[in-house]
Amino acid sequence: MDDSKIIDLFYARSEQAIMELSTKYGAVCSKVAKNILNNSHDAEECVNDAYLGAWNTIPPQNPNPLLTYICRIVRNLAIMKYHANTAIKRNSFYDVALDELEDCLASSETVEDKLTAKELSATLDQFLDTLDQENRVIFVRRYWYSDSISEIAERLHMSKNNVSVRLSRTRERLKNYLKKEGYIL
């Protein structure tokens, strides 16, 4: 079903909207949550909570694209659940991805002190625009969807080493970009 028709169902307050959303994007949402949480039960809970979140926000929201909207809700819920679950222990998948980006954003000030979330988002969007499509896809798959290097390599028909090298170079470019823009000392 077309995204606009699913949104129309939300506006009509039809429970069919949730079923159609689940049918169309449920697998992607589950993958995002599982990549972050590494726990099927918690991931399922986050996806269900995201459907409720969509129900509660559409209307008045009219998301376009719907996939990005629902994945953002799932990702935010999964990250909150991840932090709650791992206050003491570490989750290898998500922590590794975060550790990779830590050098790019490290400074005596936190990014939150220096930038609002909106400014950081705009800056990252500008940086992503400097990348060719393949490197942008690799970066987003790793740091937004939390895909493993193996999954990215398989998806893009590359070697794991090639993906790792590209990510390393992209992180270095990001660090230099943020320094040039004055966000990191």
# chains A, B, ... in the order shown; residues from 1 in each chain; ligands from 1
$ residues_around --residues "Asp8 in chain A" --least-positions-apart "5" --cutoff "12 Å" --atoms "only C-alpha atoms" --output "MDAnalysis selection string"
chainID A and resid 1:3 13:18 20:21 55 58:63 66
$ write_last_selection --atoms "N, CA and C atoms" --output "short mmCIF file (atom, residue, chain, number, x, y, z; two decimals), in the first residue's frame"
data_model
loop_
_atom_site.label_atom_id
_atom_site.label_comp_id
_atom_site.auth_asym_id
_atom_site.auth_seq_id
_atom_site.Cartn_x
_atom_site.Cartn_y
_atom_site.Cartn_z
N MET A 1 0.85 -1.17 0.00
CA MET A 1 0.00 0.00 0.00
C MET A 1 0.90 1.24 0.00
N ASP A 2 0.47 2.25 -0.70
CA ASP A 2 1.20 3.51 -0.82
C ASP A 2 1.24 4.23 0.53
N ASP A 3 2.36 4.90 0.82
CA ASP A 3 2.52 5.63 2.09
C ASP A 3 1.40 6.62 2.34
N ARG A 13 -8.23 7.44 11.61
CA ARG A 13 -8.18 6.71 12.88
C ARG A 13 -8.59 5.26 12.71
N SER A 14 -8.22 4.68 11.57
CA SER A 14 -8.49 3.28 11.28
C SER A 14 -7.35 2.43 11.81
N GLU A 15 -7.69 1.38 12.56
CA GLU A 15 -6.67 0.47 13.07
C GLU A 15 -5.94 -0.26 11.94
N GLN A 16 -6.53 -0.25 10.77
CA GLN A 16 -5.90 -0.84 9.59
C GLN A 16 -4.56 -0.15 9.29
N ALA A 17 -4.42 1.12 9.71
CA ALA A 17 -3.19 1.87 9.48
C ALA A 17 -1.99 1.16 10.11
N ILE A 18 -2.17 0.68 11.33
CA ILE A 18 -1.08 -0.02 12.02
C ILE A 18 -0.73 -1.31 11.30
N GLU A 20 -1.17 -2.02 8.12
CA GLU A 20 -0.51 -1.71 6.85
C GLU A 20 0.92 -1.22 7.07
N LEU A 21 1.10 -0.41 8.10
CA LEU A 21 2.45 0.06 8.45
C LEU A 21 3.35 -1.12 8.80
N TRP A 55 0.71 6.16 15.91
CA TRP A 55 -0.73 6.34 16.10
C TRP A 55 -1.01 7.64 16.86
N ILE A 58 0.27 10.82 14.36
CA ILE A 58 -0.32 11.01 13.03
C ILE A 58 -1.83 10.90 13.20
N PRO A 59 -2.65 11.87 13.04
CA PRO A 59 -2.30 13.28 12.93
C PRO A 59 -1.81 13.84 14.26
N PRO A 60 -1.26 15.00 14.33
CA PRO A 60 -1.21 16.06 13.34
C PRO A 60 -0.05 15.93 12.34
N GLN A 61 0.95 15.11 12.67
CA GLN A 61 2.08 14.96 11.75
C GLN A 61 1.61 14.34 10.44
N ASN A 62 2.29 14.72 9.37
CA ASN A 62 2.04 14.14 8.05
C ASN A 62 3.41 13.78 7.47
N PRO A 63 4.00 12.68 8.00
CA PRO A 63 5.40 12.38 7.67
C PRO A 63 5.61 12.02 6.20
N LEU A 66 7.40 8.22 5.10
CA LEU A 66 6.88 7.47 6.24
C LEU A 66 7.93 6.51 6.80
#
$ residues_around --residues "Asp147 in chain A" --least-positions-apart "3" --cutoff "12 Å" --atoms "only C-alpha atoms" --output "ChimeraX atom specification"
/A:28,31-38,93-94,96-97,137-144,150-155,163
$ residues_around --residues "Arg72 in chain A" --least-positions-apart "3" --cutoff "12 Å" --atoms "only C-alpha atoms" --output "PyMOL selection string"
chain A and resi 28-29+32-33+46-47+50-51+53-54+63+65-69+75-79+144-145
$ write_last_selection --atoms "N, CA and C atoms" --output "PDB file, in the first residue's frame"
ATOM      1  N   VAL A  28      11.885  -3.814   8.390  1.00  0.00           N
ATOM      2  CA  VAL A  28      12.940  -2.804   8.504  1.00  0.00           C
ATOM      3  C   VAL A  28      13.006  -2.294   9.933  1.00  0.00           C
ATOM      4  N   CYS A  29      11.847  -2.030  10.518  1.00  0.00           N
ATOM      5  CA  CYS A  29      11.801  -1.528  11.900  1.00  0.00           C
ATOM      6  C   CYS A  29      12.412  -2.542  12.857  1.00  0.00           C
ATOM      7  N   VAL A  32      16.247  -2.552  12.546  1.00  0.00           N
ATOM      8  CA  VAL A  32      16.866  -1.399  13.207  1.00  0.00           C
ATOM      9  C   VAL A  32      16.936  -1.639  14.711  1.00  0.00           C
ATOM     10  N   ALA A  33      15.818  -2.045  15.297  1.00  0.00           N
ATOM     11  CA  ALA A  33      15.776  -2.270  16.749  1.00  0.00           C
ATOM     12  C   ALA A  33      16.699  -3.416  17.157  1.00  0.00           C
ATOM     13  N   CYS A  46       9.986  -2.472  21.205  1.00  0.00           N
ATOM     14  CA  CYS A  46      10.249  -1.137  20.664  1.00  0.00           C
ATOM     15  C   CYS A  46       9.446  -0.882  19.388  1.00  0.00           C
ATOM     16  N   VAL A  47       9.360  -1.891  18.536  1.00  0.00           N
ATOM     17  CA  VAL A  47       8.597  -1.733  17.295  1.00  0.00           C
ATOM     18  C   VAL A  47       7.126  -1.501  17.621  1.00  0.00           C
ATOM     19  N   ALA A  50       6.685   1.868  18.827  1.00  0.00           N
ATOM     20  CA  ALA A  50       6.799   2.829  17.723  1.00  0.00           C
ATOM     21  C   ALA A  50       5.476   2.938  16.963  1.00  0.00           C
ATOM     22  N   TYR A  51       4.794   1.814  16.787  1.00  0.00           N
ATOM     23  CA  TYR A  51       3.487   1.860  16.135  1.00  0.00           C
ATOM     24  C   TYR A  51       2.519   2.713  16.961  1.00  0.00           C
ATOM     25  N   GLY A  53       3.437   5.084  18.969  1.00  0.00           N
ATOM     26  CA  GLY A  53       3.925   6.454  18.799  1.00  0.00           C
ATOM     27  C   GLY A  53       3.435   7.064  17.495  1.00  0.00           C
ATOM     28  N   ALA A  54       3.442   6.273  16.434  1.00  0.00           N
ATOM     29  CA  ALA A  54       2.928   6.772  15.150  1.00  0.00           C
ATOM     30  C   ALA A  54       1.436   7.051  15.267  1.00  0.00           C
ATOM     31  N   PRO A  63       3.998  12.681   7.997  1.00  0.00           N
ATOM     32  CA  PRO A  63       5.395  12.378   7.667  1.00  0.00           C
ATOM     33  C   PRO A  63       5.611  12.019   6.203  1.00  0.00           C
ATOM     34  N   PRO A  65       9.260  11.143   4.153  1.00  0.00           N
ATOM     35  CA  PRO A  65       8.753   9.800   3.907  1.00  0.00           C
ATOM     36  C   PRO A  65       8.354   9.084   5.206  1.00  0.00           C
ATOM     37  N   LEU A  66       7.398   8.216   5.097  1.00  0.00           N
ATOM     38  CA  LEU A  66       6.883   7.473   6.240  1.00  0.00           C
ATOM     39  C   LEU A  66       7.933   6.514   6.802  1.00  0.00           C
ATOM     40  N   LEU A  67       8.718   5.885   5.938  1.00  0.00           N
ATOM     41  CA  LEU A  67       9.749   4.947   6.410  1.00  0.00           C
ATOM     42  C   LEU A  67      10.732   5.640   7.341  1.00  0.00           C
ATOM     43  N   THR A  68      11.224   6.796   6.962  1.00  0.00           N
ATOM     44  CA  THR A  68      12.168   7.531   7.802  1.00  0.00           C
ATOM     45  C   THR A  68      11.533   7.901   9.132  1.00  0.00           C
ATOM     46  N   TYR A  69      10.289   8.305   9.092  1.00  0.00           N
ATOM     47  CA  TYR A  69       9.564   8.702  10.300  1.00  0.00           C
ATOM     48  C   TYR A  69       9.448   7.540  11.280  1.00  0.00           C
ATOM     49  N   ARG A  75      14.211   3.777  16.251  1.00  0.00           N
ATOM     50  CA  ARG A  75      15.604   3.977  16.647  1.00  0.00           C
ATOM     51  C   ARG A  75      15.701   4.705  17.981  1.00  0.00           C
ATOM     52  N   ASN A  76      14.930   5.758  18.156  1.00  0.00           N
ATOM     53  CA  ASN A  76      14.960   6.504  19.416  1.00  0.00           C
ATOM     54  C   ASN A  76      14.502   5.637  20.583  1.00  0.00           C
ATOM     55  N   LEU A  77      13.444   4.865  20.386  1.00  0.00           N
ATOM     56  CA  LEU A  77      12.979   3.960  21.446  1.00  0.00           C
ATOM     57  C   LEU A  77      14.013   2.884  21.756  1.00  0.00           C
ATOM     58  N   ALA A  78      14.633   2.341  20.705  1.00  0.00           N
ATOM     59  CA  ALA A  78      15.640   1.300  20.903  1.00  0.00           C
ATOM     60  C   ALA A  78      16.862   1.851  21.634  1.00  0.00           C
ATOM     61  N   ILE A  79      17.263   3.062  21.318  1.00  0.00           N
ATOM     62  CA  ILE A  79      18.406   3.670  22.002  1.00  0.00           C
ATOM     63  C   ILE A  79      18.081   3.898  23.474  1.00  0.00           C
ATOM     64  N   TRP A 144      23.319   4.819  11.258  1.00  0.00           N
ATOM     65  CA  TRP A 144      21.905   5.082  11.495  1.00  0.00           C
ATOM     66  C   TRP A 144      21.163   3.772  11.738  1.00  0.00           C
ATOM     67  N   TYR A 145      21.346   2.801  10.821  1.00  0.00           N
ATOM     68  CA  TYR A 145      20.663   1.520  10.952  1.00  0.00           C
ATOM     69  C   TYR A 145      21.433   0.534  11.828  1.00  0.00           C
TER      70      TYR A 145
END
$ closest_residue --among "A:Asn161, A:Arg171, A:Ser30, A:His41" --to "Ile73 in chain A" --atoms "only C-alpha atoms"
A:Ser30
$ atom_distance --atom1 "CA of Ser22 in chain A" --atom2 "CA of Leu124 in chain A"
29.4 Å
$ closest_residue --among "A:Ile7, A:Thr170, A:Glu134, A:Lys81" --to "Met158 in chain A" --atoms "only C-alpha atoms"
A:Glu134
